Amino acid sequence: LHATRTTTLVQTSFARLSPAADRLVERFYEELFLRHPEVRPMFRGDIRVQERALLGALKLAVGALDRPDTLLPVLHELGARHAGYGVQPAHYGVVRDVLLDCLAEATGPLWEEALATAWRDAIEQIAAAMLAGAAQSAARH
Ligand code: HEM
């Protein structure tokens, strides 16, 4: 998929979802902990606060998808902090799949293959940047 097309599809979709965004992140943690109870102990803080944090990061990342100069340094730092929370590379696939399912649920009948592919692409770019940041910080220590 062309990068610009991904950005357009994801940004349009996210804007359309915005009235349901609180519900989306609430469902995300419900579903994540239901499917993967083993990750629950890594979350030490209030999940309501965590919902806000995830939504804020998604807004920022989606908004800046086509501005890697802005986005990459932020995601590198975010990924380095995640290594400190105990997050392993394999967890990113788990989060991607749960997030995709929650996006599909929130989008309803407008969810289709091109949109699913665009979101998958965007989430994988975000995860790759976070993992690069985690690896860089591990190499520095
Ligand atoms: C799509 C990629 C992800 C994004 C955008 C994201 C975003 C965030 C944000 C913004 C925070 C708040 C703290 C901070 O800024 O350092 C956070 C915390 C956290 N995230 Fe993520 N995250 C992602 C992937 C993951 C994955 C794959 C896991 C593994 C299960 C994970 C587990 C955690 C944990 C354990 C915390 C700390 C929670 C706490 O202090 O209670 N995240 N995440």
# chains A, B, ... in the order shown; residues from 1 in each chain; ligands from 1
>>> closest_atom_pairs(of="chain A", to="ligand 1", cutoff="8 Å", atoms="only C-alpha atoms and all ligand atoms", output="Markdown table")
| residue | atom | partner | partner_atom_place_in_ligand_line | distance |
| --- | --- | --- | --- | --- |
| A:Val39 | CA | ligand 1 | 30 (C) | 5.5 |
| A:Arg40 | CA | ligand 1 | 35 (C) | 7.7 |
| A:Pro41 | CA | ligand 1 | 35 (C) | 7.8 |
| A:Met42 | CA | ligand 1 | 35 (C) | 4.3 |
| A:Phe43 | CA | ligand 1 | 41 (O) | 3.6 |
| A:Arg44 | CA | ligand 1 | 41 (O) | 3.8 |
| A:Gly45 | CA | ligand 1 | 41 (O) | 3.5 |
| A:Asp46 | CA | ligand 1 | 41 (O) | 6.3 |
| A:Ile47 | CA | ligand 1 | 41 (O) | 6.9 |
| A:Gln50 | CA | ligand 1 | 12 (C) | 6.2 |
| A:Ala53 | CA | ligand 1 | 10 (C) | 4.4 |
| A:Leu54 | CA | ligand 1 | 7 (C) | 4.6 |
| A:Leu55 | CA | ligand 1 | 10 (C) | 7.5 |
| A:Gly56 | CA | ligand 1 | 10 (C) | 6.6 |
| A:Ala57 | CA | ligand 1 | 10 (C) | 4.8 |
| A:Leu58 | CA | ligand 1 | 5 (C) | 5.5 |
| A:Ala61 | CA | ligand 1 | 5 (C) | 7.4 |
| A:Leu75 | CA | ligand 1 | 5 (C) | 7.9 |
| A:Leu78 | CA | ligand 1 | 16 (O) | 5.3 |
| A:Gly79 | CA | ligand 1 | 23 (C) | 7.8 |
| A:Arg81 | CA | ligand 1 | 16 (O) | 5.2 |
| A:His82 | CA | ligand 1 | 20 (N) | 6.0 |
| A:Tyr85 | CA | ligand 1 | 35 (C) | 5.1 |
| A:Gly86 | CA | ligand 1 | 35 (C) | 6.9 |
| A:Val87 | CA | ligand 1 | 29 (C) | 4.9 |
| A:Gln88 | CA | ligand 1 | 29 (C) | 7.0 |
| A:Pro89 | CA | ligand 1 | 27 (C) | 7.4 |
| A:Ala90 | CA | ligand 1 | 27 (C) | 7.7 |
| A:His91 | CA | ligand 1 | 27 (C) | 4.5 |
| A:Tyr92 | CA | ligand 1 | 27 (C) | 3.7 |
| A:Gly93 | CA | ligand 1 | 27 (C) | 7.1 |
| A:Val94 | CA | ligand 1 | 27 (C) | 6.8 |
| A:Val95 | CA | ligand 1 | 27 (C) | 5.0 |
| A:Arg96 | CA | ligand 1 | 1 (C) | 6.5 |
| A:Ile123 | CA | ligand 1 | 1 (C) | 5.9 |
| A:Glu124 | CA | ligand 1 | 1 (C) | 7.9 |
| A:Ile126 | CA | ligand 1 | 1 (C) | 6.1 |
| A:Ala127 | CA | ligand 1 | 2 (C) | 5.4 |
| A:Met130 | CA | ligand 1 | 2 (C) | 7.3 |
>>> residues_around(residues="Leu65 (chain A)", least_positions_apart="4", cutoff="8 Å", atoms="only C-alpha atoms", output="list in words")
Thr7, Ala61, Leu71 and Ala122 of chain A
>>> residues_around(residues="region 10-27 of chain A", least_positions_apart="6", cutoff="12 Å", atoms="only C-alpha atoms", output="PyMOL selection string")
chain A and resi 3-4+33-35+47-66+95+98-108+110-112+114-123
>>> write_last_selection(atoms="C-alpha atoms", output="CSV table (one decimal), in the first residue's frame")
chain,number,residue,atom,x,y,z
A,3,ALA,CA,2.4,5.4,2.2
A,4,THR,CA,0.3,8.5,1.4
A,33,PHE,CA,-6.5,-8.5,29.5
A,34,LEU,CA,-9.2,-11.0,28.6
A,35,ARG,CA,-7.1,-12.6,25.8
A,47,ILE,CA,-6.2,1.7,33.7
A,48,ARG,CA,-8.4,4.8,33.2
A,49,VAL,CA,-5.2,6.9,33.1
A,50,GLN,CA,-3.6,4.4,30.8
A,51,GLU,CA,-6.6,4.6,28.4
A,52,ARG,CA,-6.0,8.4,28.2
A,53,ALA,CA,-2.3,7.9,27.6
A,54,LEU,CA,-2.9,5.3,24.8
A,55,LEU,CA,-5.5,7.5,23.1
A,56,GLY,CA,-3.2,10.5,23.3
A,57,ALA,CA,-0.3,8.6,21.7
A,58,LEU,CA,-2.6,7.2,19.0
A,59,LYS,CA,-3.8,10.7,18.2
A,60,LEU,CA,-0.3,12.0,18.0
A,61,ALA,CA,1.0,9.1,15.9
A,62,VAL,CA,-1.9,9.1,13.5
A,63,GLY,CA,-1.7,12.9,13.1
A,64,ALA,CA,2.0,12.8,12.3
A,65,LEU,CA,2.1,9.5,10.2
A,66,ASP,CA,3.4,11.4,7.2
A,95,VAL,CA,-1.4,-5.4,20.9
A,98,VAL,CA,-6.3,-6.6,19.7
A,99,LEU,CA,-6.2,-3.0,18.5
A,100,LEU,CA,-7.2,-4.0,14.9
A,101,ASP,CA,-10.2,-6.0,16.3
A,102,CYS,CA,-11.3,-3.1,18.5
A,103,LEU,CA,-10.9,-0.7,15.5
A,104,ALA,CA,-13.0,-3.0,13.4
A,105,GLU,CA,-15.7,-3.2,16.1
A,106,ALA,CA,-15.8,0.6,16.6
A,107,THR,CA,-15.9,1.2,12.8
A,108,GLY,CA,-18.8,-1.2,12.2
A,110,LEU,CA,-17.6,0.8,7.2
A,111,TRP,CA,-14.7,-1.6,8.1
A,112,GLU,CA,-13.3,-3.1,4.9
A,114,ALA,CA,-8.3,-1.6,2.5
A,115,LEU,CA,-8.9,0.1,5.8
A,116,ALA,CA,-7.8,-3.0,7.7
A,117,THR,CA,-4.6,-3.1,5.7
A,118,ALA,CA,-3.9,0.6,6.2
A,119,TRP,CA,-4.4,0.4,9.9
A,120,ARG,CA,-2.2,-2.8,10.1
A,121,ASP,CA,0.5,-0.9,8.2
A,122,ALA,CA,0.3,2.1,10.4
A,123,ILE,CA,0.4,0.1,13.6
>>> residues_around(residues="Gly133 (chain A)", least_positions_apart="2", cutoff="9 Å", atoms="only C-alpha atoms", output="count of residues only")
17
>>> atom_distance(atom1="CA of Arg140 (chain A)", atom2="CA of Pro68 (chain A)")
22.6 Å
>>> atom_distance(atom1="CA of Ala134 (chain A)", atom2="CA of Ala83 (chain A)")
5.8 Å
>>> select_by_dssp(residues="region 16-47 of chain A", states="alpha helix (DSSP H)", output="list in words")
Arg16, Leu17, Ala21, Asp22, Arg23, Leu24, Val25, Glu26, Arg27, Phe28, Tyr29, Glu30, Glu31, Leu32, Phe33, Leu34, Arg35 and Ile47 of chain A
>>> atom_distance(atom1="CA of Tyr29 (chain A)", atom2="CA of Asp69 (chain A)")
29.8 Å
